[in-house]
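Heads up, start.cif below (mmCIF, C-alpha atoms and all ligand atoms):
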```
data_model
loop_
_atom_site.group_PDB
_atom_site.id
_atom_site.type_symbol
_atom_site.label_atom_id
_atom_site.label_comp_id
_atom_site.auth_asym_id
_atom_site.auth_seq_id
_atom_site.Cartn_x
_atom_site.Cartn_y
_atom_site.Cartn_z
ATOM 1 C CA MET I 254 28.138 -178.337 132.686
ATOM 2 C CA ALA I 255 31.428 -177.190 131.244
ATOM 3 C CA ALA I 256 31.573 -173.618 130.027
ATOM 4 C CA ILE I 257 32.371 -173.331 126.337
ATOM 5 C CA LEU I 258 35.266 -171.139 125.219
ATOM 6 C CA ALA I 259 35.762 -170.485 121.513
ATOM 7 C CA LEU I 260 38.936 -169.158 119.919
ATOM 8 C CA VAL I 261 38.316 -166.851 117.005
ATOM 9 C CA GLY I 262 40.498 -164.580 114.906
ATOM 10 C CA ARG I 263 42.036 -164.372 111.478
ATOM 11 C CA PRO I 264 44.586 -166.969 110.339
ATOM 12 C CA ASN I 265 48.016 -167.106 111.961
ATOM 13 C CA VAL I 266 47.284 -165.056 115.081
ATOM 14 C CA GLY I 267 47.997 -168.055 117.329
ATOM 15 C CA LYS I 268 44.589 -169.635 118.002
ATOM 16 C CA SER I 269 45.842 -173.209 117.754
ATOM 17 C CA THR I 270 48.898 -172.409 119.853
ATOM 18 C CA LEU I 271 46.618 -171.060 122.587
ATOM 19 C CA PHE I 272 44.250 -174.010 122.138
ATOM 20 C CA ASN I 273 47.129 -176.401 122.766
ATOM 21 C CA ARG I 274 48.202 -174.458 125.819
ATOM 22 C CA LEU I 275 44.699 -174.293 127.286
ATOM 23 C CA THR I 276 43.979 -177.952 126.626
ATOM 24 C CA ARG I 277 47.569 -179.048 127.231
ATOM 25 C CA THR I 278 47.502 -181.424 124.310
ATOM 26 C CA ARG I 279 50.908 -182.448 123.127
ATOM 27 C CA GLU I 280 49.926 -184.443 120.102
ATOM 28 C CA ALA I 281 48.198 -181.539 118.447
ATOM 29 C CA LEU I 282 50.226 -179.882 115.754
ATOM 30 C CA VAL I 283 50.473 -176.200 115.076
ATOM 31 C CA ALA I 284 51.305 -175.457 111.497
ATOM 32 C CA ASP I 285 53.830 -172.847 110.574
ATOM 33 C CA MET I 286 51.791 -172.032 107.507
ATOM 34 C CA PRO I 287 49.180 -169.293 107.848
ATOM 35 C CA GLY I 288 45.601 -170.516 107.772
ATOM 36 C CA PHE I 289 46.536 -174.146 108.056
ATOM 37 C CA THR I 290 45.532 -176.167 111.077
ATOM 38 C CA ARG I 291 45.889 -179.903 111.347
ATOM 39 C CA ASP I 292 44.996 -180.285 114.962
ATOM 40 C CA ARG I 293 41.762 -181.221 116.670
ATOM 41 C CA HIS I 294 39.088 -178.599 117.032
ATOM 42 C CA TYR I 295 37.630 -179.529 120.411
ATOM 43 C CA GLY I 296 39.513 -180.011 123.618
ATOM 44 C CA THR I 297 38.952 -179.792 127.329
ATOM 45 C CA ALA I 298 40.587 -177.600 129.905
ATOM 46 C CA ARG I 299 40.453 -177.566 133.672
ATOM 47 C CA HIS I 300 41.268 -174.588 135.830
ATOM 48 C CA GLN I 301 40.621 -174.227 139.559
ATOM 49 C CA GLU I 302 38.250 -177.200 139.756
ATOM 50 C CA ARG I 303 36.233 -176.015 136.814
ATOM 51 C CA ASP I 304 35.873 -177.776 133.448
ATOM 52 C CA TYR I 305 35.841 -176.046 130.091
ATOM 53 C CA LEU I 306 35.239 -177.131 126.539
ATOM 54 C CA VAL I 307 37.571 -175.282 124.187
ATOM 55 C CA ILE I 308 36.801 -174.839 120.503
ATOM 56 C CA ASP I 309 39.496 -173.946 117.999
ATOM 57 C CA THR I 310 38.449 -172.434 114.678
ATOM 58 C CA GLY I 311 40.320 -172.002 111.430
ATOM 59 C CA GLY I 312 40.971 -175.614 110.520
ATOM 60 C CA PHE I 313 40.420 -175.026 106.852
ATOM 61 C CA GLU I 314 42.690 -174.694 103.895
ATOM 62 C CA PRO I 315 40.779 -173.070 101.054
ATOM 63 C CA GLU I 316 42.521 -172.336 97.778
ATOM 64 C CA GLU I 317 41.470 -168.784 97.230
ATOM 65 C CA ARG I 318 41.100 -165.746 99.420
ATOM 66 C CA GLU I 319 37.374 -165.543 98.875
ATOM 67 C CA GLY I 320 36.999 -169.092 100.154
ATOM 68 C CA LEU I 321 39.081 -168.237 103.158
ATOM 69 C CA VAL I 322 37.001 -165.227 104.085
ATOM 70 C CA ALA I 323 33.773 -167.195 103.729
ATOM 71 C CA ALA I 324 35.106 -170.135 105.747
ATOM 72 C CA MET I 325 36.356 -167.795 108.452
ATOM 73 C CA ALA I 326 33.037 -165.988 108.661
ATOM 74 C CA LEU I 327 31.144 -169.277 108.893
ATOM 75 C CA GLN I 328 33.406 -170.684 111.606
ATOM 76 C CA THR I 329 33.241 -167.431 113.534
ATOM 77 C CA ARG I 330 29.446 -167.498 113.387
ATOM 78 C CA GLN I 331 29.333 -171.118 114.533
ATOM 79 C CA ALA I 332 31.685 -170.301 117.386
ATOM 80 C CA ILE I 333 29.520 -167.331 118.377
ATOM 81 C CA ALA I 334 26.448 -169.570 118.449
ATOM 82 C CA GLU I 335 28.103 -172.269 120.546
ATOM 83 C CA ALA I 336 30.309 -170.366 122.965
ATOM 84 C CA ASP I 337 29.706 -168.940 126.422
ATOM 85 C CA VAL I 338 32.837 -166.801 126.092
ATOM 86 C CA LEU I 339 34.595 -165.808 122.867
ATOM 87 C CA LEU I 340 38.350 -165.452 122.951
ATOM 88 C CA PHE I 341 39.229 -163.108 120.109
ATOM 89 C CA LEU I 342 42.920 -163.152 119.201
ATOM 90 C CA VAL I 343 44.826 -160.437 117.386
ATOM 91 C CA ASP I 344 48.535 -160.301 116.550
ATOM 92 C CA ALA I 345 50.801 -157.793 118.307
ATOM 93 C CA LYS I 346 53.561 -158.391 115.760
ATOM 94 C CA GLU I 347 51.383 -157.520 112.800
ATOM 95 C CA GLY I 348 49.134 -154.921 114.406
ATOM 96 C CA LEU I 349 45.502 -154.323 113.632
ATOM 97 C CA ALA I 350 44.251 -155.740 110.329
ATOM 98 C CA GLY I 351 41.097 -155.092 108.336
ATOM 99 C CA GLN I 352 39.955 -158.656 108.974
ATOM 100 C CA ASP I 353 40.254 -158.017 112.725
ATOM 101 C CA GLU I 354 37.788 -155.154 112.411
ATOM 102 C CA GLU I 355 35.348 -157.317 110.428
ATOM 103 C CA ILE I 356 35.471 -160.057 113.035
ATOM 104 C CA ALA I 357 35.179 -157.502 115.858
ATOM 105 C CA ARG I 358 32.021 -156.089 114.276
ATOM 106 C CA GLU I 359 30.481 -159.545 114.141
ATOM 107 C CA LEU I 360 31.456 -160.247 117.751
ATOM 108 C CA ARG I 361 30.073 -156.953 119.046
ATOM 109 C CA ARG I 362 26.802 -157.616 117.243
ATOM 110 C CA SER I 363 26.503 -161.051 118.868
ATOM 111 C CA GLY I 364 26.120 -159.638 122.373
ATOM 112 C CA LYS I 365 28.142 -162.599 123.729
ATOM 113 C CA PRO I 366 30.979 -161.967 126.190
ATOM 114 C CA VAL I 367 34.226 -161.364 124.300
ATOM 115 C CA LEU I 368 37.774 -161.143 125.583
ATOM 116 C CA LEU I 369 40.200 -159.353 123.284
ATOM 117 C CA LEU I 370 43.564 -161.105 123.444
ATOM 118 C CA VAL I 371 46.641 -159.441 121.995
ATOM 119 C CA ASN I 372 48.909 -162.403 121.339
ATOM 120 C CA LYS I 373 52.617 -162.688 120.500
ATOM 121 C CA MET I 374 53.647 -160.236 123.228
ATOM 122 C CA ASP I 375 56.606 -162.507 123.991
ATOM 123 C CA VAL I 376 59.258 -159.927 123.221
ATOM 124 C CA ARG I 377 57.059 -156.937 123.993
ATOM 125 C CA HIS I 378 56.255 -156.443 120.339
ATOM 126 C CA ALA I 379 54.313 -153.373 119.413
ATOM 127 C CA VAL I 380 53.354 -152.134 122.871
ATOM 128 C CA ALA I 381 52.829 -148.818 121.107
ATOM 129 C CA GLU I 382 50.130 -150.452 119.034
ATOM 130 C CA LEU I 383 47.912 -151.380 121.984
ATOM 131 C CA PRO I 384 45.766 -148.234 121.662
ATOM 132 C CA GLU I 385 44.807 -149.290 118.150
ATOM 133 C CA PHE I 386 43.404 -152.557 119.517
ATOM 134 C CA HIS I 387 41.319 -150.550 122.001
ATOM 135 C CA ARG I 388 39.599 -149.074 118.971
ATOM 136 C CA LEU I 389 37.966 -152.444 118.266
ATOM 137 C CA GLY I 390 35.445 -151.539 120.951
ATOM 138 C CA LEU I 391 35.855 -154.770 122.871
ATOM 139 C CA GLY I 392 37.276 -153.426 126.078
ATOM 140 C CA THR I 393 40.783 -153.450 127.448
ATOM 141 C CA PRO I 394 42.968 -155.971 125.647
ATOM 142 C CA ILE I 395 44.620 -158.770 127.581
ATOM 143 C CA THR I 396 48.203 -159.243 126.437
ATOM 144 C CA LEU I 397 49.672 -162.692 126.244
ATOM 145 C CA SER I 398 52.155 -164.957 124.564
ATOM 146 C CA ALA I 399 50.540 -168.257 123.717
ATOM 147 C CA ALA I 400 53.877 -169.586 122.544
ATOM 148 C CA HIS I 401 55.647 -168.821 125.826
ATOM 149 C CA GLY I 402 52.694 -169.121 128.177
ATOM 150 C CA HIS I 403 52.785 -165.542 129.424
ATOM 151 C CA GLY I 404 49.546 -163.965 130.565
ATOM 152 C CA MET I 405 47.653 -167.214 131.166
ATOM 153 C CA GLU I 406 46.688 -166.403 134.759
ATOM 154 C CA GLN I 407 45.260 -163.033 133.719
ATOM 155 C CA LEU I 408 43.368 -164.797 130.956
ATOM 156 C CA TRP I 409 41.830 -167.332 133.359
ATOM 157 C CA THR I 410 40.947 -164.557 135.795
ATOM 158 C CA ALA I 411 39.147 -162.661 133.040
ATOM 159 C CA ILE I 412 37.316 -165.816 131.878
ATOM 160 C CA SER I 413 36.195 -166.634 135.429
ATOM 161 C CA ALA I 414 34.898 -163.098 135.884
ATOM 162 C CA LEU I 415 32.541 -163.540 132.925
ATOM 163 C CA LEU I 416 31.007 -166.824 134.033
HETATM 164 P P1 LIG I 501 46.243 -169.869 113.999
HETATM 165 O O1 LIG I 501 46.256 -169.871 112.500
HETATM 166 O O2 LIG I 501 45.540 -168.665 114.519
HETATM 167 O O3 LIG I 501 45.745 -171.150 114.589
HETATM 168 O O4 LIG I 501 47.769 -169.676 114.455
HETATM 169 P P2 LIG I 501 48.829 -170.779 114.963
HETATM 170 O O5 LIG I 501 48.568 -171.164 116.372
HETATM 171 O O6 LIG I 501 48.908 -171.871 113.942
HETATM 172 O O7 LIG I 501 50.140 -169.915 114.967
HETATM 173 C C1 LIG I 501 50.599 -169.267 113.795
HETATM 174 C C2 LIG I 501 52.079 -168.956 113.958
HETATM 175 O O8 LIG I 501 52.246 -168.009 115.014
HETATM 176 C C3 LIG I 501 52.919 -170.179 114.323
HETATM 177 O O9 LIG I 501 54.148 -170.071 113.664
HETATM 178 C C4 LIG I 501 53.073 -170.035 115.829
HETATM 179 O O10 LIG I 501 54.232 -170.658 116.305
HETATM 180 C C5 LIG I 501 53.145 -168.525 115.978
HETATM 181 N N1 LIG I 501 52.770 -168.066 117.321
HETATM 182 C C6 LIG I 501 51.681 -168.408 118.049
HETATM 183 N N2 LIG I 501 51.685 -167.809 119.267
HETATM 184 C C7 LIG I 501 52.794 -167.055 119.298
HETATM 185 C C8 LIG I 501 53.378 -166.187 120.290
HETATM 186 O O11 LIG I 501 52.877 -165.995 121.419
HETATM 187 N N3 LIG I 501 54.541 -165.570 119.940
HETATM 188 C C9 LIG I 501 55.129 -165.754 118.720
HETATM 189 N N4 LIG I 501 56.262 -165.101 118.471
HETATM 190 N N5 LIG I 501 54.632 -166.565 117.784
HETATM 191 C C10 LIG I 501 53.480 -167.213 118.074
HETATM 192 MG MG MG I 502 44.919 -172.816 113.684
#
```
Represent the structure of the file as structure tokens.
Amino acid sequence: MAAILALVGRPNVGKSTLFNRLTRTREALVADMPGFTRDRHYGTARHQERDYLVIDTGGFEPEEREGLVAAMALQTRQAIAEADVLLFLVDAKEGLAGQDEEIARELRRSGKPVLLLVNKMDVRHAVAELPEFHRLGLGTPITLSAAHGHGMEQLWTAISALL
């Protein structure tokens, strides 16, 4: 059976961009607007003869902030329930946010394997901020650029090591 990977994280950190890269879908669209995803939520990936089901989260567009927080929490919880490995994205350009800490707490509580992915490292943004991501208590962050495809081999190596 295919292992299930779920992408979680607050809006605009690059979940859908990574989803598209992992599943290599071209037709899927990544919105330039924070919190807005028009693409599919399930895709498949194949790496070294192994099949994966990849779940994107965050395909919601609530009006108010409260709605957004609730929708995010619900999708994160569903992803936690379904996934074998959780891929938790944070944004190197923006640094650590309060919402990241809330999600991290939920992920730690779940006891499921989590990989902390510091995305948008394409131009070596905020290398100085890496220690702050360590504070999330989810191990050593993996740096990557979903947009440029950097760090994908390290990501697959880390995923394989957990399964
Ligand atoms: P989501 O809300 O978490 O699904 O985030 P998206 O995948 O929709 O990406 C949000 C924005 O971040 C888009 O404008 C993406 O092009 C951009 N983005 C995603 N990955 C990267 C990256 O590695 N580097 C940079 N500079 N931008 C990225
Ligand atoms: Mg998205």
Report as a PDB file with C-alpha atoms, keeping the file's coordinate frame the residues that result from applying the PyMOL selection byres (((chain I and resi 268) around 10) and not hetatm) to the structure here.
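The file below, result-v1.pdb, is the result:
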```
ATOM      1  CA  ALA I 259      35.762-170.485 121.513  1.00  0.00           C
ATOM      2  CA  LEU I 260      38.936-169.158 119.919  1.00  0.00           C
ATOM      3  CA  VAL I 261      38.316-166.851 117.005  1.00  0.00           C
ATOM      4  CA  GLY I 262      40.498-164.580 114.906  1.00  0.00           C
ATOM      5  CA  ARG I 263      42.036-164.372 111.478  1.00  0.00           C
ATOM      6  CA  PRO I 264      44.586-166.969 110.339  1.00  0.00           C
ATOM      7  CA  ASN I 265      48.016-167.106 111.961  1.00  0.00           C
ATOM      8  CA  VAL I 266      47.284-165.056 115.081  1.00  0.00           C
ATOM      9  CA  GLY I 267      47.997-168.055 117.329  1.00  0.00           C
ATOM     10  CA  SER I 269      45.842-173.209 117.754  1.00  0.00           C
ATOM     11  CA  THR I 270      48.898-172.409 119.853  1.00  0.00           C
ATOM     12  CA  LEU I 271      46.618-171.060 122.587  1.00  0.00           C
ATOM     13  CA  PHE I 272      44.250-174.010 122.138  1.00  0.00           C
ATOM     14  CA  ASN I 273      47.129-176.401 122.766  1.00  0.00           C
ATOM     15  CA  ARG I 274      48.202-174.458 125.819  1.00  0.00           C
ATOM     16  CA  VAL I 283      50.473-176.200 115.076  1.00  0.00           C
ATOM     17  CA  THR I 290      45.532-176.167 111.077  1.00  0.00           C
ATOM     18  CA  ILE I 308      36.801-174.839 120.503  1.00  0.00           C
ATOM     19  CA  ASP I 309      39.496-173.946 117.999  1.00  0.00           C
ATOM     20  CA  THR I 310      38.449-172.434 114.678  1.00  0.00           C
ATOM     21  CA  GLY I 311      40.320-172.002 111.430  1.00  0.00           C
ATOM     22  CA  LEU I 340      38.350-165.452 122.951  1.00  0.00           C
ATOM     23  CA  PHE I 341      39.229-163.108 120.109  1.00  0.00           C
ATOM     24  CA  LEU I 342      42.920-163.152 119.201  1.00  0.00           C
ATOM     25  CA  VAL I 343      44.826-160.437 117.386  1.00  0.00           C
ATOM     26  CA  ASN I 372      48.909-162.403 121.339  1.00  0.00           C
ATOM     27  CA  ALA I 399      50.540-168.257 123.717  1.00  0.00           C
TER      28      ALA I 399
END
```
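The space between atom CA of Leu389 of chain I and atom CA of Glu406 of chain I spans 23.3 Å.
The result of the PyMOL selection byres (((chain I and resi 373) around 7) and not hetatm) on the shown file is I:Asp344, I:Ala345, I:Lys346, I:Val371, I:Asn372, I:Met374, I:Asp375, I:Leu397, I:Ser398, I:Ala399.
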Find the residues near segment 407-410 of chain I: any atom within 10 Å, counting all atoms listed in the file, skip ones fewer than 3 places away on the same chain, and give them as a PDB file with C-alpha atoms, keeping the file's coordinate frame.
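Written file, part_17.pdb:
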```pdb
ATOM      1  CA  LEU I 275      44.699-174.293 127.286  1.00  0.00           C
ATOM      2  CA  HIS I 300      41.268-174.588 135.830  1.00  0.00           C
ATOM      3  CA  GLN I 301      40.621-174.227 139.559  1.00  0.00           C
ATOM      4  CA  LEU I 340      38.350-165.452 122.951  1.00  0.00           C
ATOM      5  CA  LEU I 368      37.774-161.143 125.583  1.00  0.00           C
ATOM      6  CA  LEU I 369      40.200-159.353 123.284  1.00  0.00           C
ATOM      7  CA  LEU I 370      43.564-161.105 123.444  1.00  0.00           C
ATOM      8  CA  ILE I 395      44.620-158.770 127.581  1.00  0.00           C
ATOM      9  CA  THR I 396      48.203-159.243 126.437  1.00  0.00           C
ATOM     10  CA  LEU I 397      49.672-162.692 126.244  1.00  0.00           C
ATOM     11  CA  HIS I 403      52.785-165.542 129.424  1.00  0.00           C
ATOM     12  CA  GLY I 404      49.546-163.965 130.565  1.00  0.00           C
ATOM     13  CA  SER I 413      36.195-166.634 135.429  1.00  0.00           C
ATOM     14  CA  ALA I 414      34.898-163.098 135.884  1.00  0.00           C
ATOM     15  CA  LEU I 415      32.541-163.540 132.925  1.00  0.00           C
TER      16      LEU I 415
END
```
task: Can you work out the spacing between atom O6 of ligand LIG 501 (chain I) and atom CA of Thr276 of chain I in Å, to one decimal?
output: 14.9 Å
field: For Arg361 of chain I: contacts at 10 Å, all atoms listed in the file, fewer than 6 positions along chain excluded, given as a PyMOL selection string
entry: chain I and resi 367+389-391
Go ahead and save the picked residues with C-alpha atoms, as a PDB file, in the coordinates of the input.
```pdb
ATOM      1  CA  VAL I 367      34.226-161.364 124.300  1.00  0.00           C
ATOM      2  CA  LEU I 389      37.966-152.444 118.266  1.00  0.00           C
ATOM      3  CA  GLY I 390      35.445-151.539 120.951  1.00  0.00           C
ATOM      4  CA  LEU I 391      35.855-154.770 122.871  1.00  0.00           C
TER       5      LEU I 391
END
```
message: Just to confirm, what's the straight-line distance from atom CA of Phe386 of chain I to atom N3 of ligand LIG 501 (chain I) in Å (one decimal)?
response: 17.1 Å
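Comparing the minimum interatomic distances between Ser363 of chain I and each of I:Gly392, I:Arg330, I:Pro384, I:Gly348, counting all atoms listed in the file, we find that I:Arg330 sits nearest.
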query: Excluding same-chain residues fewer than 2 positions from Leu306 of chain I, what lies within 8 Å of it counting only C-alpha atoms, as a PyMOL selection string?
result: chain I and resi 255-258+295-298+304+308
message: Using only C-alpha atoms for the distances, tell me which of I:Met254, I:Arg303, I:His401, I:Arg277 is nearest to Val376 of chain I.
response: I:His401
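Ranking I:Lys365, I:Ile356, I:Arg299, I:Met325 by their shortest atom-to-atom distance to ligand MG 502 (chain I), with all atoms listed in the file included, puts I:Met325 first.
Nearest to ligand LIG 501 (chain I) of all the residues I:His387, I:Arg362, I:Glu347, I:Ala411 is I:Glu347, based on only C-alpha atoms and all ligand atoms.
Once the PyMOL selection byres (((chain I and resi 327) around 12) and not hetatm) is applied to the shown structure, the selection contains Val261, Thr310, Gly311, Gly312, Phe313, Gly320, Leu321, Val322, Ala323, Ala324, Met325, Ala326, Gln328, Thr329, Arg330, Gln331, Ala332, Ile333, Ala334, Ile356 and Glu359 of chain I.
Distances to ligand MG 502 (chain I) were evaluated for I:Tyr305, I:Ile412, I:His294, I:Gly402 using only C-alpha atoms and all ligand atoms, and the minimum falls at I:His294.
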